[in-house]
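This is upload-v2.txt. It holds compact mmCIF, C-alpha atoms and all ligand atoms.
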# COMPACT_ATOMS: atom_id res chain seq x y z
CA MET Z 198 16.23 5.23 20.90
CA LEU Z 199 12.84 5.40 19.19
CA GLN Z 200 10.61 5.21 22.25
CA ASP Z 201 7.00 6.35 22.05
CA SER Z 202 4.89 7.99 24.74
CA PHE Z 203 3.70 4.54 25.88
CA GLY Z 204 7.26 3.28 26.44
CA ARG Z 205 7.37 1.08 23.32
CA VAL Z 206 10.81 0.91 21.74
CA HIS Z 207 10.88 0.71 17.93
CA ASN Z 208 13.69 -1.27 16.34
CA TYR Z 209 11.92 -2.58 13.21
CA LEU Z 210 11.48 -0.54 10.02
CA ARG Z 211 9.47 -1.68 7.01
CA ILE Z 212 10.48 0.13 3.84
CA SER Z 213 8.21 0.17 0.82
CA LEU Z 214 10.42 0.31 -2.28
CA THR Z 215 7.55 1.07 -4.66
CA ASP Z 216 3.78 1.10 -4.83
CA HIS Z 217 3.92 -0.58 -8.25
CA CYS Z 218 3.14 -4.26 -8.58
CA ASN Z 219 2.96 -7.07 -11.13
CA LEU Z 220 -0.17 -8.55 -9.47
CA ARG Z 221 -3.52 -6.99 -8.63
CA CYS Z 222 -4.73 -8.64 -5.40
CA HIS Z 223 -8.21 -7.24 -4.74
CA TYR Z 224 -7.74 -6.89 -0.96
CA CYS Z 225 -4.58 -4.83 -1.47
CA MET Z 226 -4.84 -2.94 -4.75
CA PRO Z 227 -8.56 -2.80 -5.31
CA ASP Z 228 -8.68 -0.56 -8.35
CA GLU Z 229 -7.15 -1.59 -11.69
CA HIS Z 230 -6.71 2.16 -12.33
CA TYR Z 231 -4.87 2.79 -9.07
CA PRO Z 232 -2.87 6.04 -9.43
CA PHE Z 233 0.69 4.74 -9.12
CA LEU Z 234 3.31 7.19 -7.90
CA PRO Z 235 5.39 8.79 -10.65
CA GLN Z 236 9.03 7.70 -10.73
CA LYS Z 237 10.34 11.05 -9.45
CA SER Z 238 8.24 10.78 -6.28
CA LEU Z 239 9.80 7.47 -5.29
CA MET Z 240 12.83 7.41 -3.02
CA SER Z 241 15.98 6.79 -5.06
CA ALA Z 242 18.47 4.09 -4.03
CA ASP Z 243 20.74 6.78 -2.52
CA GLU Z 244 17.85 8.32 -0.59
CA ILE Z 245 16.74 4.93 0.74
CA LEU Z 246 20.28 4.34 2.00
CA LEU Z 247 20.52 7.77 3.63
CA LEU Z 248 17.15 7.35 5.35
CA ALA Z 249 17.97 3.80 6.44
CA LYS Z 250 21.28 4.93 7.92
CA THR Z 251 19.50 7.64 9.91
CA PHE Z 252 17.03 5.06 11.25
CA VAL Z 253 19.85 2.66 12.14
CA GLY Z 254 21.52 5.49 14.05
CA LEU Z 255 18.29 5.79 16.06
CA GLY Z 256 18.20 2.11 17.03
CA ILE Z 257 16.63 0.30 14.07
CA ASN Z 258 18.26 -3.13 13.73
CA LYS Z 259 15.72 -4.92 11.55
CA ILE Z 260 14.59 -3.77 8.08
CA ARG Z 261 11.97 -5.42 5.90
CA LEU Z 262 11.72 -4.53 2.21
CA THR Z 263 8.19 -4.54 0.92
CA GLY Z 264 5.83 -2.63 -1.35
CA GLY Z 265 3.90 -2.82 -3.72
CA GLU Z 266 6.13 -5.48 -5.14
CA PRO Z 267 9.74 -4.70 -4.18
CA LEU Z 268 11.21 -6.93 -6.90
CA VAL Z 269 9.71 -4.87 -9.73
CA ARG Z 270 12.19 -2.08 -8.97
CA LYS Z 271 14.95 -2.07 -11.58
CA ASP Z 272 17.53 -1.18 -8.92
CA PHE Z 273 16.32 -3.76 -6.39
CA ASP Z 274 19.63 -5.69 -6.38
CA GLU Z 275 21.61 -2.52 -5.76
CA ILE Z 276 19.33 -1.40 -2.90
CA LEU Z 277 19.44 -4.88 -1.38
CA PHE Z 278 23.22 -5.08 -1.54
CA ARG Z 279 23.77 -1.62 -0.08
CA LEU Z 280 21.30 -2.19 2.76
CA SER Z 281 22.97 -5.53 3.51
CA GLN Z 282 26.14 -3.61 4.39
CA LEU Z 283 24.34 -1.97 7.34
CA ASP Z 284 24.27 -3.55 10.77
CA VAL Z 285 20.69 -4.82 10.45
CA GLU Z 286 18.73 -8.00 9.95
CA LEU Z 287 17.37 -7.69 6.42
CA LEU Z 288 14.06 -9.31 5.43
CA LEU Z 289 11.85 -9.35 2.36
CA THR Z 290 8.15 -9.69 1.63
CA THR Z 291 7.39 -10.45 -2.01
CA ASN Z 292 4.79 -12.09 -4.19
CA GLY Z 293 7.58 -14.35 -5.46
CA VAL Z 294 6.95 -13.92 -9.19
CA LEU Z 295 10.45 -12.54 -9.89
CA ILE Z 296 12.47 -14.47 -7.31
CA ASP Z 297 14.42 -16.54 -9.88
CA LYS Z 298 15.85 -13.31 -11.35
CA HIS Z 299 17.25 -12.25 -7.97
CA ILE Z 300 18.12 -15.46 -6.16
CA ASP Z 301 21.89 -15.01 -6.41
CA GLN Z 302 21.70 -11.45 -5.07
CA LEU Z 303 19.40 -12.55 -2.24
CA LYS Z 304 22.00 -15.13 -1.24
CA LYS Z 305 24.85 -12.65 -1.59
CA ALA Z 306 23.02 -10.16 0.65
CA GLY Z 307 22.75 -12.84 3.32
CA LEU Z 308 18.96 -13.02 3.53
CA HIS Z 309 17.84 -16.13 5.35
CA THR Z 310 14.06 -15.71 5.52
CA ILE Z 311 11.68 -14.68 2.74
CA ASN Z 312 7.96 -14.09 3.10
CA ILE Z 313 5.96 -14.96 0.01
CA SER Z 314 2.30 -14.13 -0.48
CA LEU Z 315 0.30 -17.00 -1.91
CA ASP Z 316 -3.44 -16.97 -1.35
CA SER Z 317 -4.37 -20.11 -3.21
CA LEU Z 318 -2.84 -23.43 -4.24
CA GLN Z 319 -5.24 -23.59 -7.17
CA GLU Z 320 -4.17 -21.93 -10.38
CA LYS Z 321 -7.63 -20.63 -11.30
CA THR Z 322 -8.32 -19.19 -7.83
CA PHE Z 323 -4.86 -17.58 -7.78
CA GLU Z 324 -5.69 -15.90 -11.09
CA ARG Z 325 -9.06 -14.69 -9.82
CA ILE Z 326 -7.49 -13.13 -6.71
CA THR Z 327 -4.43 -11.59 -8.37
CA GLN Z 328 -5.90 -10.96 -11.84
CA ARG Z 329 -2.66 -12.36 -13.27
CA ASN Z 330 -1.69 -15.82 -14.49
CA GLU Z 331 1.45 -16.27 -12.39
CA PHE Z 332 0.69 -19.26 -10.17
CA GLN Z 333 3.19 -21.66 -11.79
CA LYS Z 334 5.98 -19.09 -11.67
CA THR Z 335 5.27 -18.29 -8.02
CA TRP Z 336 5.12 -21.94 -7.05
CA SER Z 337 8.35 -22.87 -8.85
CA ASN Z 338 10.07 -19.91 -7.17
CA ILE Z 339 8.93 -21.10 -3.74
CA MET Z 340 10.50 -24.47 -4.54
CA LEU Z 341 13.65 -22.71 -5.75
CA LEU Z 342 13.96 -20.84 -2.45
CA LEU Z 343 13.55 -24.06 -0.47
CA LYS Z 344 16.15 -25.79 -2.64
CA ASN Z 345 18.51 -22.93 -1.86
CA ASN Z 346 17.92 -23.36 1.88
CA PHE Z 347 15.96 -20.16 2.45
CA ARG Z 348 13.45 -20.21 5.28
CA VAL Z 349 10.13 -19.63 3.50
CA LYS Z 350 7.06 -18.16 5.15
CA LEU Z 351 3.84 -18.17 3.12
CA ASN Z 352 1.44 -15.29 3.76
CA ILE Z 353 -2.22 -16.04 3.09
CA VAL Z 354 -4.92 -13.40 3.53
CA ALA Z 355 -7.74 -15.39 5.08
CA ILE Z 356 -11.15 -14.25 3.89
CA HIS Z 357 -14.28 -15.85 5.28
CA GLY Z 358 -16.05 -17.94 2.65
CA HIS Z 359 -12.81 -18.52 0.68
CA ILE Z 360 -10.13 -19.82 3.01
CA GLU Z 361 -12.33 -22.66 4.29
CA GLU Z 362 -11.81 -24.44 0.95
CA GLU Z 363 -8.02 -24.39 1.13
CA LEU Z 364 -7.08 -24.22 4.80
CA ILE Z 365 -6.49 -27.97 5.05
CA ASP Z 366 -4.49 -28.07 1.78
CA PHE Z 367 -2.23 -25.28 3.05
CA ILE Z 368 -1.62 -27.13 6.33
CA ASN Z 369 -0.95 -30.33 4.38
CA LEU Z 370 1.88 -28.45 2.60
CA THR Z 371 3.73 -28.31 5.91
CA LYS Z 372 3.74 -32.10 6.16
CA ASN Z 373 6.76 -32.77 3.97
CA LEU Z 374 8.01 -29.26 3.27
CA PRO Z 375 9.85 -27.11 5.85
CA ILE Z 376 7.51 -24.25 5.08
CA HIS Z 377 5.83 -21.82 7.48
CA VAL Z 378 2.26 -21.09 6.54
CA ARG Z 379 0.74 -17.93 8.04
CA PHE Z 380 -2.93 -17.08 7.86
CA ILE Z 381 -3.50 -13.31 8.11
CA GLU Z 382 -6.87 -12.05 9.28
CA PHE Z 383 -8.36 -9.78 6.60
CA MET Z 384 -7.71 -6.11 7.45
CA PRO Z 385 -9.49 -2.94 6.31
CA PHE Z 386 -7.71 -0.55 3.95
CA ASP Z 387 -8.89 2.05 1.52
CA GLY Z 388 -11.12 0.62 -1.17
CA ASN Z 389 -10.84 -3.07 -0.26
CA GLU Z 390 -14.51 -3.54 0.63
CA TRP Z 391 -13.69 -4.78 4.09
CA LYS Z 392 -16.62 -5.86 6.21
CA SER Z 393 -16.42 -7.54 9.59
CA GLU Z 394 -18.39 -10.49 8.16
CA LYS Z 395 -15.49 -11.19 5.78
CA VAL Z 396 -13.10 -11.73 8.69
CA ILE Z 397 -12.43 -15.30 9.73
CA THR Z 398 -10.67 -15.29 13.08
CA SER Z 399 -7.69 -17.37 14.10
CA GLN Z 400 -9.93 -19.15 16.62
CA GLU Z 401 -12.33 -20.14 13.84
CA MET Z 402 -9.48 -21.33 11.62
CA LEU Z 403 -7.92 -23.27 14.50
CA ALA Z 404 -11.21 -25.02 15.16
CA LEU Z 405 -11.40 -26.05 11.49
CA ALA Z 406 -7.78 -27.21 11.46
CA ALA Z 407 -8.20 -29.19 14.68
CA LYS Z 408 -10.76 -31.43 12.94
CA ASP Z 409 -8.01 -32.84 10.68
CA PHE Z 410 -4.74 -32.31 12.57
CA ASP Z 411 -3.29 -32.72 16.07
CA LEU Z 412 -1.87 -29.27 16.68
CA VAL Z 413 0.64 -28.24 19.31
CA LYS Z 414 1.23 -24.63 20.33
CA LEU Z 415 4.79 -23.40 19.73
CA VAL Z 416 6.58 -20.62 21.63
CA ASP Z 417 6.14 -17.24 19.92
CA GLU Z 418 9.12 -14.93 19.48
CA PRO Z 419 9.24 -11.58 21.34
CA HIS Z 420 7.24 -8.88 19.44
CA ALA Z 421 5.89 -11.60 17.12
CA THR Z 422 2.64 -10.77 15.38
CA THR Z 423 1.94 -14.48 14.88
CA LYS Z 424 0.62 -17.27 17.07
CA LYS Z 425 2.54 -20.38 15.97
CA TYR Z 426 1.43 -24.03 15.89
CA LYS Z 427 2.68 -27.28 14.45
CA ALA Z 428 0.74 -30.30 13.28
CA ILE Z 429 2.36 -33.26 15.00
CA GLY Z 430 4.75 -35.05 12.64
CA HIS Z 431 4.91 -32.17 10.12
CA ASP Z 432 8.17 -30.55 8.98
CA GLY Z 433 6.75 -27.02 8.72
CA THR Z 434 4.57 -24.88 10.98
CA ILE Z 435 1.37 -22.89 10.75
CA ALA Z 436 0.63 -19.52 12.33
CA PHE Z 437 -2.13 -16.96 12.63
CA ILE Z 438 -1.79 -13.20 12.46
CA THR Z 439 -4.58 -12.06 14.73
CA THR Z 440 -4.66 -8.35 13.93
CA MET Z 441 -8.44 -8.15 13.97
CA SER Z 442 -9.47 -10.60 16.70
CA ASN Z 443 -6.61 -10.16 19.16
CA GLN Z 444 -4.71 -6.90 18.72
CA PHE Z 445 -1.02 -6.93 19.64
CA CYS Z 446 -0.35 -3.17 19.74
CA GLY Z 447 0.99 -3.22 23.32
CA ASP Z 448 4.13 -4.91 22.09
CA CYS Z 449 4.52 -3.03 18.80
CA ASN Z 450 8.10 -2.28 17.69
CA ARG Z 451 7.35 -1.41 14.04
CA ILE Z 452 7.37 1.77 11.98
CA ARG Z 453 7.00 2.19 8.24
CA LEU Z 454 8.41 4.23 5.41
CA THR Z 455 6.22 4.60 2.32
CA ALA Z 456 7.70 4.47 -1.18
CA GLU Z 457 7.60 8.28 -1.40
CA GLY Z 458 9.46 8.64 1.87
CA LYS Z 459 6.71 9.31 4.40
CA ILE Z 460 7.02 7.84 7.86
CA LYS Z 461 3.91 6.08 9.15
CA ASN Z 462 3.99 5.11 12.79
CA CYS Z 463 1.16 2.56 12.43
CA LEU Z 464 -0.33 0.46 9.65
CA PHE Z 465 -3.77 1.78 10.57
CA GLY Z 466 -2.86 5.38 11.36
CA LYS Z 467 -3.79 8.31 9.13
CA GLU Z 468 -0.87 10.47 10.30
CA GLU Z 469 2.19 10.61 8.06
CA ILE Z 470 5.26 12.83 8.09
CA ASP Z 471 7.19 13.54 4.92
CA LEU Z 472 10.89 12.75 5.33
CA LEU Z 473 11.90 12.84 1.68
CA THR Z 474 11.23 16.55 1.03
CA PRO Z 475 13.36 17.74 3.98
CA LEU Z 476 16.01 15.14 3.08
CA ARG Z 477 16.15 16.52 -0.47
CA LYS Z 478 16.56 20.02 0.97
CA GLY Z 479 19.47 18.81 3.08
CA GLU Z 480 17.61 19.24 6.37
CA ASP Z 481 18.08 17.02 9.42
CA ILE Z 482 15.22 14.49 9.42
CA THR Z 483 15.83 13.08 12.91
CA GLN Z 484 13.40 15.52 14.52
CA PHE Z 485 10.60 14.37 12.18
CA ILE Z 486 11.24 10.70 12.94
CA LEU Z 487 11.18 11.35 16.70
CA GLN Z 488 8.00 13.41 16.32
CA SER Z 489 6.26 10.62 14.40
CA VAL Z 490 7.18 7.99 16.99
CA GLN Z 491 6.10 10.29 19.84
CA ASN Z 492 2.70 10.80 18.18
CA LYS Z 493 1.95 7.08 17.85
CA HIS Z 494 -1.48 6.08 19.15
CA SER Z 495 -1.75 3.35 21.79
CA VAL Z 496 -3.84 1.00 19.61
CA MET Z 497 -4.67 0.53 15.91
CA GLY Z 498 -3.69 4.03 14.81
CA GLY Z 499 -6.50 5.42 16.95
CA GLN Z 500 -8.94 4.43 14.21
CA LEU Z 501 -10.10 0.82 14.65
CA GLU Z 502 -12.34 -0.43 17.44
CA LYS Z 503 -11.06 -2.95 19.97
CA ASP Z 504 -13.87 -5.28 18.89
CA TYR Z 505 -13.37 -5.54 15.12
CA LYS Z 506 -17.08 -6.21 14.67
CA GLN Z 507 -17.72 -2.61 15.76
CA THR Z 508 -15.31 -1.18 13.18
CA ASP Z 509 -16.94 0.66 10.29
CA ALA Z 510 -14.51 0.79 7.36
CA LYS Z 511 -16.19 3.99 6.10
CA ASN Z 512 -14.84 5.89 9.11
CA ILE Z 513 -11.21 4.90 8.56
CA ILE Z 514 -8.92 7.35 6.81
CA ASN Z 515 -5.98 5.47 5.32
CA ARG Z 516 -4.38 4.39 2.06
CA SER Z 517 -4.81 1.15 0.18
CA MET Z 518 -2.38 -1.48 1.46
CA ILE Z 519 -0.39 -1.28 -1.78
CA GLY Z 520 0.35 2.39 -1.06
CA ILE Z 521 1.43 1.73 2.52
CA GLY Z 522 3.73 -1.25 2.27
CA GLY Z 523 2.58 -4.34 4.14
N1 LIG Z 601 3.93 -7.59 -2.93
C1 LIG Z 601 4.42 -8.18 -1.76
C2 LIG Z 601 3.56 -9.33 -1.33
O1 LIG Z 601 2.48 -9.51 -1.85
O2 LIG Z 601 3.99 -10.07 -0.45
C3 LIG Z 601 4.64 -7.24 -0.60
C4 LIG Z 601 3.57 -6.22 -0.31
S1 LIG Z 601 2.04 -6.87 0.30
C5 LIG Z 601 1.15 -5.38 0.53
C6 LIG Z 601 2.50 -7.37 1.92
C7 LIG Z 601 1.55 -8.29 2.62
O3 LIG Z 601 0.35 -7.62 2.92
C8 LIG Z 601 1.17 -9.50 1.80
O4 LIG Z 601 1.46 -10.68 2.53
C9 LIG Z 601 -0.32 -9.36 1.62
O5 LIG Z 601 -0.95 -10.59 1.59
C10 LIG Z 601 -0.69 -8.54 2.85
N2 LIG Z 601 -1.97 -7.85 2.71
C11 LIG Z 601 -2.33 -7.01 1.72
N3 LIG Z 601 -3.58 -6.55 1.93
C12 LIG Z 601 -4.03 -7.12 3.06
C13 LIG Z 601 -5.26 -7.07 3.79
N4 LIG Z 601 -6.27 -6.32 3.38
N5 LIG Z 601 -5.37 -7.78 4.93
C14 LIG Z 601 -4.33 -8.54 5.36
N6 LIG Z 601 -3.14 -8.64 4.72
C15 LIG Z 601 -2.99 -7.94 3.58
FE1 LIG Z 602 0.87 -6.73 -5.19
FE2 LIG Z 602 1.53 -7.86 -2.87
FE3 LIG Z 602 -0.55 -6.18 -3.03
FE4 LIG Z 602 -0.76 -8.53 -4.19
S1 LIG Z 602 -0.49 -8.17 -1.99
S2 LIG Z 602 -1.33 -6.53 -5.12
S3 LIG Z 602 1.29 -8.89 -4.83
S4 LIG Z 602 1.56 -5.67 -3.34
Go ahead and render the structure in this file as structure tokens.
Ligand code: SAM
Ligand code: SF4
Amino acid sequence: MLQDSFGRVHNYLRISLTDHCNLRCHYCMPDEHYPFLPQKSLMSADEILLLAKTFVGLGINKIRLTGGEPLVRKDFDEILFRLSQLDVELLLTTNGVLIDKHIDQLKKAGLHTINISLDSLQEKTFERITQRNEFQKTWSNIMLLLKNNFRVKLNIVAIHGHIEEELIDFINLTKNLPIHVRFIEFMPFDGNEWKSEKVITSQEMLALAAKDFDLVKLVDEPHATTKKYKAIGHDGTIAFITTMSNQFCGDCNRIRLTAEGKIKNCLFGKEEIDLLTPLRKGEDITQFILQSVQNKHSVMGGQLEKDYKQTDAKNIINRSMIGIGG
């Protein structure tokens, strides 16, 4: 069992398949000249399987594939299929641009829920945020997933001064579509020019939403990072990920594996342990996994303040989000 020194049991692994991406979201991959990992540094499909099996043997029963953009990997379908043979719930976070190329394999692997990042419903704003002209493709792929009965969650990074314009439109989407819209409070990572003034809290967004909708609170799942609501009469739901304004570390069950095979025990932690090098040498990696979990800090990787307004991004040592795997 992957229990840390605070008694938290970890059963949820997020695997980054690559740090490469077909979009360039400024809050995630801030530099157009980001030094992508060379191919040989990335975990191969076989290595991902070996590592995943070791984690499953230690109690992991939920795996999310992420990145970078996981669907840009040429061997994505193979990795997906092989992981689907393990005794785990398999999930995916993607920007959605390539979904149509993989929809049959996603069905075959038994995925039921897919998280898609979509920060704007306006083509021009989408292009400004992602620096790519892929709005129509993303939108038609969201519709394709719904048509194929996938449960679709939309991830929106809420940035103060931007989200106010579209918050109501996003909630309106849930009226006739069974879609789950999740507003994520803007988090600090390397190079993303985070400032506390750019954070809009869930409470602030709720107050804005309450002007136009009658919202009811829904029951949140155990270990959920979201606070869920529903506008009365709507098919879908809305939710807030309150990482900055209301930390949920006490209940954390998540660990991460970067695309080059380093275990990270917290999204905000600077500590990483290389698993891929010992794996390639044929060494037992269990001890390194246990060590990483044991070393986990009680809150926010030991780096962020409890009151986010006191956090100074300059003092945080971490990667860009694209290099971690969100
Ligand atoms: N490429 C995929 C995607 O965009 O969904 C998966 C990787 S992306 C890093 C995973 C999630 O992290 C996305 O939902 C993205 O919006 C979120 N994210 C990235 N940077 C963030 C930030 N600074 N604050 C909050 N969420 C962030
Ligand atoms: Fe790529 Fe996802 Fe990061 Fe956007 S959020 S740059 S789509 S990895």
Per-residue nearest contacts of chain Z to ligand LIG 602 (chain Z) (9 Å; all atoms listed in the file) as a tab-separated table:
residue	atom	partner	partner_atom	distance
Z:Asp216	CA	Z:LIG602	S4	7.3
Z:His217	CA	Z:LIG602	S4	7.5
Z:Cys218	CA	Z:LIG602	FE1	4.8
Z:Asn219	CA	Z:LIG602	FE1	6.3
Z:Leu220	CA	Z:LIG602	FE1	4.8
Z:Arg221	CA	Z:LIG602	S2	4.2
Z:Cys222	CA	Z:LIG602	S2	4.0
Z:His223	CA	Z:LIG602	S2	6.9
Z:Tyr224	CA	Z:LIG602	S1	7.4
Z:Cys225	CA	Z:LIG602	FE3	4.5
Z:Met226	CA	Z:LIG602	S2	5.0
Z:Pro227	CA	Z:LIG602	S2	8.1
Z:Thr263	CA	Z:LIG602	S4	8.0
Z:Gly264	CA	Z:LIG602	S4	5.6
Z:Gly265	CA	Z:LIG602	S4	3.7
Z:Glu266	CA	Z:LIG602	S4	4.9
Z:Pro267	CA	Z:LIG602	S4	8.3
Z:Thr290	CA	Z:LIG602	FE2	8.2
Z:Thr291	CA	Z:LIG602	FE2	6.5
Z:Asn292	CA	Z:LIG602	S3	4.8
Z:Gly293	CA	Z:LIG602	S3	8.4
Z:Val294	CA	Z:LIG602	S3	8.7
Z:Ile313	CA	Z:LIG602	FE2	8.9
Z:Ser314	CA	Z:LIG602	S1	6.8
Z:Leu315	CA	Z:LIG602	S3	8.7
Z:Ile326	CA	Z:LIG602	FE4	8.5
Z:Thr327	CA	Z:LIG602	FE4	6.3
Z:Val354	CA	Z:LIG602	S1	8.8
Z:Met518	CA	Z:LIG602	FE3	6.8
Z:Ile519	CA	Z:LIG602	S4	5.1
Z:Gly520	CA	Z:LIG602	S4	8.5
Z:Gly522	CA	Z:LIG602	S4	7.5
Z:Gly523	CA	Z:LIG602	S4	7.7
Preceding selection exported with C-alpha atoms as a CSV table (one decimal), in the coordinates of the input:
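And here is the file that came out, out12.csv:
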chain,number,residue,atom,x,y,z
Z,216,ASP,CA,3.8,1.1,-4.8
Z,217,HIS,CA,3.9,-0.6,-8.2
Z,218,CYS,CA,3.1,-4.3,-8.6
Z,219,ASN,CA,3.0,-7.1,-11.1
Z,220,LEU,CA,-0.2,-8.6,-9.5
Z,221,ARG,CA,-3.5,-7.0,-8.6
Z,222,CYS,CA,-4.7,-8.6,-5.4
Z,223,HIS,CA,-8.2,-7.2,-4.7
Z,224,TYR,CA,-7.7,-6.9,-1.0
Z,225,CYS,CA,-4.6,-4.8,-1.5
Z,226,MET,CA,-4.8,-2.9,-4.8
Z,227,PRO,CA,-8.6,-2.8,-5.3
Z,263,THR,CA,8.2,-4.5,0.9
Z,264,GLY,CA,5.8,-2.6,-1.4
Z,265,GLY,CA,3.9,-2.8,-3.7
Z,266,GLU,CA,6.1,-5.5,-5.1
Z,267,PRO,CA,9.7,-4.7,-4.2
Z,290,THR,CA,8.2,-9.7,1.6
Z,291,THR,CA,7.4,-10.4,-2.0
Z,292,ASN,CA,4.8,-12.1,-4.2
Z,293,GLY,CA,7.6,-14.4,-5.5
Z,294,VAL,CA,7.0,-13.9,-9.2
Z,313,ILE,CA,6.0,-15.0,0.0
Z,314,SER,CA,2.3,-14.1,-0.5
Z,315,LEU,CA,0.3,-17.0,-1.9
Z,326,ILE,CA,-7.5,-13.1,-6.7
Z,327,THR,CA,-4.4,-11.6,-8.4
Z,354,VAL,CA,-4.9,-13.4,3.5
Z,518,MET,CA,-2.4,-1.5,1.5
Z,519,ILE,CA,-0.4,-1.3,-1.8
Z,520,GLY,CA,0.4,2.4,-1.1
Z,522,GLY,CA,3.7,-1.2,2.3
Z,523,GLY,CA,2.6,-4.3,4.1
For Asp432 in chain Z, work out the shell of residues within 6 Å, counting only C-alpha atoms and skipping chain neighbours fewer than 4 positions away, then give it as a PyMOL selection string.
-> chain Z and resi 371-375
Separation of atom C13 of ligand LIG 601 (chain Z) from CA of Phe383 in chain Z, in Å and rounded to one decimal |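 Computed distance, atom C13 of ligand LIG 601 (chain Z) to CA of Phe383 in chain Z, equals 5.0 Å.
Nearest residue to ligand LIG 601 (chain Z) among Z:Lys350, Z:Lys425, Z:Arg279, Z:Lys461 is Z:Lys350, counting only C-alpha atoms and all ligand atoms.
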Please define a box with edges along x, y and z of the file around all atoms of ligand LIG 601 (chain Z) given in the file, extend it by 5 Å on each side, and return its centre and edge lengths in Å to one decimal, as JSON.
{"center_x": -0.8, "center_y": -8.0, "center_z": 1.2, "size_x": 20.9, "size_y": 15.3, "size_z": 18.3}
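Taking only C-alpha atoms, the non-local environment of Gly498 in chain Z within 6 Å (same-chain residues fewer than 5 positions away omitted) comprises Cys463, Phe465 and Gly466 of chain Z.
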Write out as an MDAnalysis selection string each polymer residue whose atoms come within 10 Å of Tyr426 in chain Z, counting all atoms listed in the file; drop sequence neighbours fewer than 3 positions from it.
-> chainID Z and resid 377:379 403 411:417 423 429 433:437
Would you mind listing what lies within 12 Å of Gly499 in chain Z as a PyMOL selection string, with all atoms listed in the file counted and same-chain residues fewer than 5 positions away left out?
-> chain Z and resi 446+462-468+492-494+508+512-515
Which residue of Z:Lys427, Z:His357, Z:Lys237, Z:Lys459 approaches Leu472 in chain Z most closely, using only C-alpha atoms = Z:Lys459
Tell me which of Z:Gln400, Z:Thr335, Z:Asn352, Z:Gln236 sits closest to ligand LIG 601 (chain Z), counting all atoms listed in the file.
->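 Selected residue with least distance to ligand LIG 601 (chain Z): Z:Asn352.
Taking all atoms listed in the file into account, Gly256 in chain Z lies nearest to Z:Asp284 out of the set Z:Glu457, Z:Glu244, Z:Asp284, Z:Glu275.
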What is the distance between CA of Gln488 in chain Z and atom C3 of ligand LIG 601 (chain Z), in Å to one decimal?
->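 Interatomic distance, CA of Gln488 in chain Z to atom C3 of ligand LIG 601 (chain Z): 26.9 Å.
Distance check against ligand LIG 601 (chain Z) using only C-alpha atoms and all ligand atoms: of Z:Leu287, Z:Val206, Z:Leu295, Z:Leu473, the minimum falls on Z:Leu295.
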Mind checking which residues fall within 7 Å of Ser442 in chain Z, counting all atoms listed in the file, ignoring those fewer than 3 positions away in the same chain, and posting them as a PyMOL selection string?
-> chain Z and resi 398+439+505
Residue with the minimum atom-to-atom distance to ligand LIG 601 (chain Z), picked from Z:Ile245, Z:Met240, Z:Ile296, Z:Ala404 with all atoms listed in the file counted, is Z:Ile296
